[in-house]
Amino acid sequence: MTSSVLRALPVRYVVVGMAFFGFIINYMLRNNLNLAIVAMVNHTAVNSSDSSGQEDGPFVWDENIVGQILGSFYYGYICTQIVGGRAAELSNVKYIYGVSLLLAGLLTFLIPAVSYWDYRALLTVRIAMGFVMGVGFPSGYALLRAWAPPNERSTVISLALSACNIGTAITMPLASAIINGISWEAVFYIQGSFAVVWFLFWVLLVYDNPQQHRFITAEERDFIVSAIGQEGTTRRLPLPWKEVLTSPPVWSLIVANFCNNWGWYTLLNDLPQYFNNILKKDISSNAIFTSLPFLVTFIFSIIYSRFSDYLRKKDLLSITNIRRLAQFVSQALGAVTLICIAFLGEYEAAVETLLFVGIGLFGAGYSGWQSASMDIAPNYSGTLYGISNTFGSIPGFLAPLVVGALTEGHETLDRWRWCFLIPAALMLFDTVVFFVFGSSEEQSWNRKYYDDADKDSHIEDGAAVKDGGMKTGLELKDVNAENSQEQGGLDNAGYVPDVKTS
């Protein structure tokens with residue numbers, strides 16, 4: 001039954017779909033505490049003058065403790081980005097990605113119990129959740145490299161990674177409904193269960209690459225292998241650290257991730273505070289502002305990714321210029337919206353419109369810098385994403401500190417202008433750096449450690465499978481080179497997925 005269902009649609013879409021739902025749950029588990037903690041805190045005990053009408057919870061946690069709890073996740077998260085990407089390239093990426101989310105779900109079950117025990121125990125669990133979930137995005141990115149033909153790459157990456165916007169959009173209303181209908185404890189039990197159920201389907205439906213998949217058709221397997229430039233060998237490649245750390249395109253990705261996230265966090269985390277303190281309008285409970293902007297980003301990311309893939313299929317722009325164009329749309333135009341917010345700040349309707357436009361433009365970034373690491377070094381795409389995302393996590397700590405330093409005791413429009421102009425400047429700087437140093441051409445060091453081993457590995461592979469009627473490694477290489485030219489995949493001929501033949 002399962003086989004017949006999967007044969008009715010391309011298996012690569014099933015894999016991408018499972019990754020999509022995984023990223024939704026990832027963001028759900030990391031963000032659900034942001035709303036649940038409101039129902040967990042005894043506001044009357046913390047602040048006797050509080051007249052907000054909020055229902056009191058069981059815990060007497062002041063703002064300092066609440067801040068520690070909400071920020072603790074990222075202390076663990078920043079530690080495992082590079083480890084997760086590299087581990088996914090050296091071992092079974094399917095289980096690295098899958099088990100990380102399963103463990104996060106199991107840890108989520110513990111949150112109610114440890115909260116009653118001691119808030120420091122809750123801090124420990126949240127740090128542990130960040131630690132295990134830190135491998136999620138780099139390992140998921142490494143998995144997609146084996147399933148994304150070059151002409152579909154922008155769409156595949158945008159669909160999978162932009163799932164975080166859907167996860168964020170549905171977390172707040174779903175958690176609110178559970179709290180109001182059941183209890184705050186149920187939020188963690190129900191959403192933790194999503195991860196467990198998802199893992200069962202993940203194990204059944206997802207494999208590291210097309211060669212391992214039980215249900216894929218021969219036609220689809222050959223299409224993916226030919227388009228990517230699969231060599232048909234099993235290897236664990238060392239990482240050329242020196243070349244990676246001295247590569248201008250790699251540093252352009254680091255700059256892009258850092259600057260992009262500073263602007264992103266400013267729009268998502270600080271703009272609501274601006275509405276509340278300057279425009280005197282509370283948007284935190286308004287579903288239009290808490291959910292719709294994320295849906296706008298998701299929709300625009302899919303539309304723009306299709307446009308990017310169209311440009312590539314029709315050969316209207318080089319792949320590097322396609323990425324540069326996406327970067328210009330997401331960063332330069334996004335910076336313009338922040339500048340406009342800075343100088344039109346007293347006009348509520350204008351700021352609301354610019355909020356939607358600015359957040360939506362970020363969706364083009366999935367076809368820009370977020371796809372580039374798979375272009376320049378597909379063999380090390382997980383590690384590259386982990387490196388850039390390590391730096392990209394820093395604005396999660398730093399941006400709020402800068403805003404706090406600028407506005408503490410000076411909640412004025414002039415001070416807030418700087419809160420928007422700083423990320424705007426960073427995003428314009430990122431655009432220039434990406435245009436000058438960014439590239440989506442395969443880097444020579446992507447093949448450094450396997451070019452010299454080709455002869456031996458092809459001979460060994462050919463001897464091992466010849467009696468079984470399969471092509472030798474050298475024959476398969478020739479076939480794939482021809483097919484890659486026909487399908488536009490020659491620019492990724494250096495990619496060597498991990499293959500296990502049975």
# chains A, B, ... in the order shown; residues from 1 in each chain; ligands from 1
>>> closest_atom_pairs(of="range 122-179 of chain A", to="range 25-29 of chain A", cutoff="12 Å", atoms="only C-alpha atoms", output="tab-separated table")
residue	atom	partner	partner_atom	distance
A:Arg126	CA	A:Leu29	CA	10.2
A:Met129	CA	A:Leu29	CA	8.9
A:Gly130	CA	A:Leu29	CA	10.0
A:Val132	CA	A:Asn26	CA	10.7
A:Met133	CA	A:Asn26	CA	7.4
A:Gly134	CA	A:Asn26	CA	10.0
A:Val135	CA	A:Asn26	CA	11.0
A:Gly136	CA	A:Asn26	CA	8.0
A:Phe137	CA	A:Asn26	CA	9.2
A:Gly140	CA	A:Asn26	CA	11.3
A:Ala160	CA	A:Asn26	CA	11.9
A:Leu161	CA	A:Tyr27	CA	10.8
A:Ser162	CA	A:Tyr27	CA	10.7
A:Ala163	CA	A:Tyr27	CA	8.5
A:Cys164	CA	A:Tyr27	CA	5.7
A:Asn165	CA	A:Tyr27	CA	8.2
A:Ile166	CA	A:Tyr27	CA	8.6
A:Gly167	CA	A:Tyr27	CA	5.2
A:Thr168	CA	A:Tyr27	CA	6.1
A:Ala169	CA	A:Met28	CA	9.1
A:Ile170	CA	A:Met28	CA	7.9
A:Thr171	CA	A:Met28	CA	5.4
A:Met172	CA	A:Met28	CA	8.8
A:Pro173	CA	A:Met28	CA	11.2
A:Leu174	CA	A:Met28	CA	9.6
A:Ala175	CA	A:Met28	CA	9.2
>>> write_last_selection(atoms="N, CA, C and O atoms", output="CSV table (one decimal), in the first residue's frame")
chain,number,residue,atom,x,y,z
A,126,ARG,N,15.6,23.5,28.7
A,126,ARG,CA,15.6,24.4,27.5
A,126,ARG,C,16.9,24.5,26.9
A,126,ARG,O,17.0,24.5,25.6
A,129,MET,N,17.3,21.3,25.0
A,129,MET,CA,16.5,21.4,23.8
A,129,MET,C,17.2,22.1,22.7
A,129,MET,O,17.3,21.7,21.5
A,130,GLY,N,17.8,23.3,23.0
A,130,GLY,CA,18.6,24.0,22.1
A,130,GLY,C,19.7,23.3,21.5
A,130,GLY,O,20.0,23.3,20.3
A,132,VAL,N,20.1,19.9,21.2
A,132,VAL,CA,19.8,18.9,20.3
A,132,VAL,C,19.1,19.4,19.0
A,132,VAL,O,19.3,18.9,17.9
A,133,MET,N,18.4,20.5,19.1
A,133,MET,CA,17.8,21.1,18.0
A,133,MET,C,18.7,22.0,17.1
A,133,MET,O,18.4,22.3,16.0
A,134,GLY,N,19.9,22.3,17.7
A,134,GLY,CA,20.9,23.0,16.9
A,134,GLY,C,21.4,22.3,15.7
A,134,GLY,O,21.8,22.9,14.7
A,135,VAL,N,21.3,21.0,15.7
A,135,VAL,CA,21.8,20.2,14.5
A,135,VAL,C,20.7,20.1,13.4
A,135,VAL,O,21.0,19.7,12.3
A,136,GLY,N,19.5,20.6,13.7
A,136,GLY,CA,18.3,20.4,12.8
A,136,GLY,C,18.5,21.0,11.5
A,136,GLY,O,18.4,20.4,10.4
A,137,PHE,N,18.7,22.3,11.4
A,137,PHE,CA,18.8,23.0,10.2
A,137,PHE,C,20.0,22.6,9.4
A,137,PHE,O,19.9,22.4,8.2
A,140,GLY,N,19.3,19.0,8.1
A,140,GLY,CA,18.3,19.0,7.1
A,140,GLY,C,18.7,19.6,5.8
A,140,GLY,O,18.4,19.1,4.7
A,160,ALA,N,11.3,23.9,2.0
A,160,ALA,CA,11.7,23.2,3.3
A,160,ALA,C,12.0,24.2,4.4
A,160,ALA,O,11.4,24.1,5.5
A,161,LEU,N,12.9,25.2,4.1
A,161,LEU,CA,13.4,26.0,5.2
A,161,LEU,C,12.3,27.1,5.6
A,161,LEU,O,12.3,27.5,6.7
A,162,SER,N,11.5,27.5,4.6
A,162,SER,CA,10.5,28.5,5.0
A,162,SER,C,9.4,28.0,5.8
A,162,SER,O,8.5,28.7,6.2
A,163,ALA,N,9.4,26.7,6.0
A,163,ALA,CA,8.4,26.0,6.9
A,163,ALA,C,8.5,26.7,8.3
A,163,ALA,O,7.5,26.6,9.1
A,164,CYS,N,9.7,27.2,8.7
A,164,CYS,CA,9.8,27.9,10.0
A,164,CYS,C,8.8,29.0,10.1
A,164,CYS,O,8.3,29.3,11.2
A,165,ASN,N,8.4,29.7,9.0
A,165,ASN,CA,7.5,30.7,9.0
A,165,ASN,C,6.1,30.2,9.4
A,165,ASN,O,5.3,30.8,10.1
A,166,ILE,N,5.7,29.0,8.8
A,166,ILE,CA,4.5,28.4,9.1
A,166,ILE,C,4.4,27.9,10.5
A,166,ILE,O,3.4,28.1,11.2
A,167,GLY,N,5.5,27.4,11.0
A,167,GLY,CA,5.6,26.9,12.4
A,167,GLY,C,5.4,28.1,13.3
A,167,GLY,O,4.6,27.9,14.3
A,168,THR,N,6.0,29.2,13.1
A,168,THR,CA,5.8,30.4,13.9
A,168,THR,C,4.4,30.9,13.8
A,168,THR,O,3.8,31.3,14.8
A,169,ALA,N,3.8,30.9,12.6
A,169,ALA,CA,2.5,31.5,12.4
A,169,ALA,C,1.4,30.7,13.2
A,169,ALA,O,0.5,31.3,13.7
A,170,ILE,N,1.6,29.3,13.2
A,170,ILE,CA,0.5,28.5,13.8
A,170,ILE,C,0.7,28.3,15.3
A,170,ILE,O,-0.2,27.9,16.0
A,171,THR,N,2.0,28.5,15.8
A,171,THR,CA,2.3,28.2,17.2
A,171,THR,C,1.4,29.0,18.2
A,171,THR,O,0.8,28.5,19.1
A,172,MET,N,1.4,30.3,17.9
A,172,MET,CA,0.7,31.2,18.9
A,172,MET,C,-0.8,30.9,19.0
A,172,MET,O,-1.3,30.7,20.0
A,173,PRO,N,-1.5,30.9,17.8
A,173,PRO,CA,-3.0,30.6,17.9
A,173,PRO,C,-3.2,29.2,18.4
A,173,PRO,O,-4.2,29.0,19.2
A,174,LEU,N,-2.4,28.2,18.1
A,174,LEU,CA,-2.6,26.8,18.5
A,174,LEU,C,-2.4,26.7,20.0
A,174,LEU,O,-3.2,26.1,20.8
A,175,ALA,N,-1.3,27.3,20.5
A,175,ALA,CA,-1.0,27.2,21.9
A,175,ALA,C,-2.0,28.0,22.7
A,175,ALA,O,-2.4,27.5,23.8
>>> select_by_dssp(residues="range 160-320 of chain A", states="alpha helix (DSSP H)", output="PyMOL selection string")
chain A and resi 160-161+163-181+184-205+218-228+241-245+248-265+271-277+287-290+292-313+319-320
>>> closest_atom_pairs(of="range 18-123 of chain A", to="range 150-158 of chain A", cutoff="12 Å", atoms="only C-alpha atoms", output="tab-separated table")
residue	atom	partner	partner_atom	distance
A:Met18	CA	A:Val156	CA	11.9
A:Ala19	CA	A:Ile157	CA	10.1
A:Phe20	CA	A:Ile157	CA	9.6
A:Phe23	CA	A:Ile157	CA	11.8
>>> write_last_selection(atoms="C-alpha atoms", output="PDB file, in the first residue's frame")
ATOM      1  CA  MET A  18       8.586  15.489   5.552  1.00  0.00           C
ATOM      2  CA  ALA A  19      11.453  17.944   6.063  1.00  0.00           C
ATOM      3  CA  PHE A  20       8.899  20.765   5.735  1.00  0.00           C
ATOM      4  CA  PHE A  23      10.878  22.344  10.439  1.00  0.00           C
TER       5      PHE A  23
END
>>> closest_residue(among="A:Tyr207, A:Trp369, A:Phe199, A:Phe397", to="Arg323 in chain A", atoms="only C-alpha atoms")
A:Trp369
>>> residues_around(residues="range 427-435 of chain A", least_positions_apart="3", cutoff="12 Å", atoms="only C-alpha atoms", output="PyMOL selection string")
chain A and resi 248-264+266+320-339+362+365+368-370+372+420-424+438-440
>>> write_last_selection(atoms="C-alpha atoms", output="PDB file, in the first residue's frame")
ATOM      1  CA  PRO A 248      35.490  34.734   0.158  1.00  0.00           C
ATOM      2  CA  PRO A 249      32.163  33.109  -0.892  1.00  0.00           C
ATOM      3  CA  VAL A 250      31.964  31.352   2.489  1.00  0.00           C
ATOM      4  CA  TRP A 251      32.527  34.612   4.361  1.00  0.00           C
ATOM      5  CA  SER A 252      29.888  36.277   2.204  1.00  0.00           C
ATOM      6  CA  LEU A 253      27.446  33.639   3.490  1.00  0.00           C
ATOM      7  CA  ILE A 254      28.476  34.329   7.095  1.00  0.00           C
ATOM      8  CA  VAL A 255      27.955  38.067   6.615  1.00  0.00           C
ATOM      9  CA  ALA A 256      24.623  37.425   4.884  1.00  0.00           C
ATOM     10  CA  ASN A 257      23.323  35.196   7.681  1.00  0.00           C
ATOM     11  CA  PHE A 258      24.371  37.618  10.412  1.00  0.00           C
ATOM     12  CA  CYS A 259      22.995  40.768   8.746  1.00  0.00           C
ATOM     13  CA  ASN A 260      19.828  39.069   7.483  1.00  0.00           C
ATOM     14  CA  ASN A 261      18.978  37.809  10.954  1.00  0.00           C
ATOM     15  CA  TRP A 262      19.608  41.188  12.571  1.00  0.00           C
ATOM     16  CA  GLY A 263      17.043  42.762  10.265  1.00  0.00           C
ATOM     17  CA  TRP A 264      14.676  39.811  10.700  1.00  0.00           C
ATOM     18  CA  THR A 266      14.306  43.683  14.440  1.00  0.00           C
ATOM     19  CA  THR A 320      25.465  33.488  -9.321  1.00  0.00           C
ATOM     20  CA  ASN A 321      23.435  36.405 -10.674  1.00  0.00           C
ATOM     21  CA  ILE A 322      20.193  34.625  -9.747  1.00  0.00           C
ATOM     22  CA  ARG A 323      21.419  34.445  -6.150  1.00  0.00           C
ATOM     23  CA  ARG A 324      22.567  38.084  -6.269  1.00  0.00           C
ATOM     24  CA  LEU A 325      19.185  39.219  -7.531  1.00  0.00           C
ATOM     25  CA  ALA A 326      17.437  37.347  -4.720  1.00  0.00           C
ATOM     26  CA  GLN A 327      19.818  38.913  -2.228  1.00  0.00           C
ATOM     27  CA  PHE A 328      19.072  42.377  -3.582  1.00  0.00           C
ATOM     28  CA  VAL A 329      15.321  41.827  -3.248  1.00  0.00           C
ATOM     29  CA  SER A 330      15.467  40.413   0.270  1.00  0.00           C
ATOM     30  CA  GLN A 331      18.216  42.596   1.745  1.00  0.00           C
ATOM     31  CA  ALA A 332      18.473  45.884  -0.165  1.00  0.00           C
ATOM     32  CA  LEU A 333      14.735  46.332  -0.617  1.00  0.00           C
ATOM     33  CA  GLY A 334      14.170  45.056   2.916  1.00  0.00           C
ATOM     34  CA  ALA A 335      16.596  47.720   4.152  1.00  0.00           C
ATOM     35  CA  VAL A 336      14.558  50.357   2.323  1.00  0.00           C
ATOM     36  CA  THR A 337      11.453  49.321   4.276  1.00  0.00           C
ATOM     37  CA  LEU A 338      13.367  49.701   7.566  1.00  0.00           C
ATOM     38  CA  ILE A 339      14.582  53.154   6.528  1.00  0.00           C
ATOM     39  CA  PHE A 362      12.821  38.274   3.390  1.00  0.00           C
ATOM     40  CA  GLY A 365      16.499  35.154   0.720  1.00  0.00           C
ATOM     41  CA  GLY A 368      19.701  33.817  -2.377  1.00  0.00           C
ATOM     42  CA  TRP A 369      22.285  33.189   0.305  1.00  0.00           C
ATOM     43  CA  GLN A 370      20.345  30.260   1.795  1.00  0.00           C
ATOM     44  CA  ALA A 372      24.317  29.416  -2.200  1.00  0.00           C
ATOM     45  CA  PHE A 420      15.817  50.580  12.472  1.00  0.00           C
ATOM     46  CA  LEU A 421      18.693  52.351  10.734  1.00  0.00           C
ATOM     47  CA  ILE A 422      21.340  50.035  12.217  1.00  0.00           C
ATOM     48  CA  PRO A 423      19.876  46.812  10.722  1.00  0.00           C
ATOM     49  CA  ALA A 424      19.136  48.701   7.488  1.00  0.00           C
ATOM     50  CA  GLY A 438      29.445  35.961  -3.181  1.00  0.00           C
ATOM     51  CA  SER A 439      29.348  33.185  -5.734  1.00  0.00           C
ATOM     52  CA  SER A 440      27.308  30.152  -6.649  1.00  0.00           C
TER      53      SER A 440
END
>>> closest_residue(among="A:Ser72, A:Asn92, A:Ser381, A:Ser176", to="Ala39 in chain A", atoms="only C-alpha atoms")
A:Ser176
>>> closest_residue(among="A:Cys79, A:Ile179, A:Leu267, A:Ile96", to="Leu354 in chain A", atoms="only C-alpha atoms")
A:Leu267
>>> atom_distance(atom1="CA of Ser373 in chain A", atom2="CA of Asp315 in chain A")
20.4 Å
>>> atom_distance(atom1="CA of Ile302 in chain A", atom2="CA of Trp198 in chain A")
23.3 Å
>>> atom_distance(atom1="CA of Phe437 in chain A", atom2="CA of Ile319 in chain A")
14.4 Å
>>> closest_residue(among="A:Ile37, A:Ala399, A:Ala87, A:Ala104", to="Trp418 in chain A", atoms="only C-alpha atoms")
A:Ala399
>>> closest_residue(among="A:Val99, A:Ile111, A:Leu295, A:Leu123", to="Leu70 in chain A", atoms="only C-alpha atoms")
A:Leu123
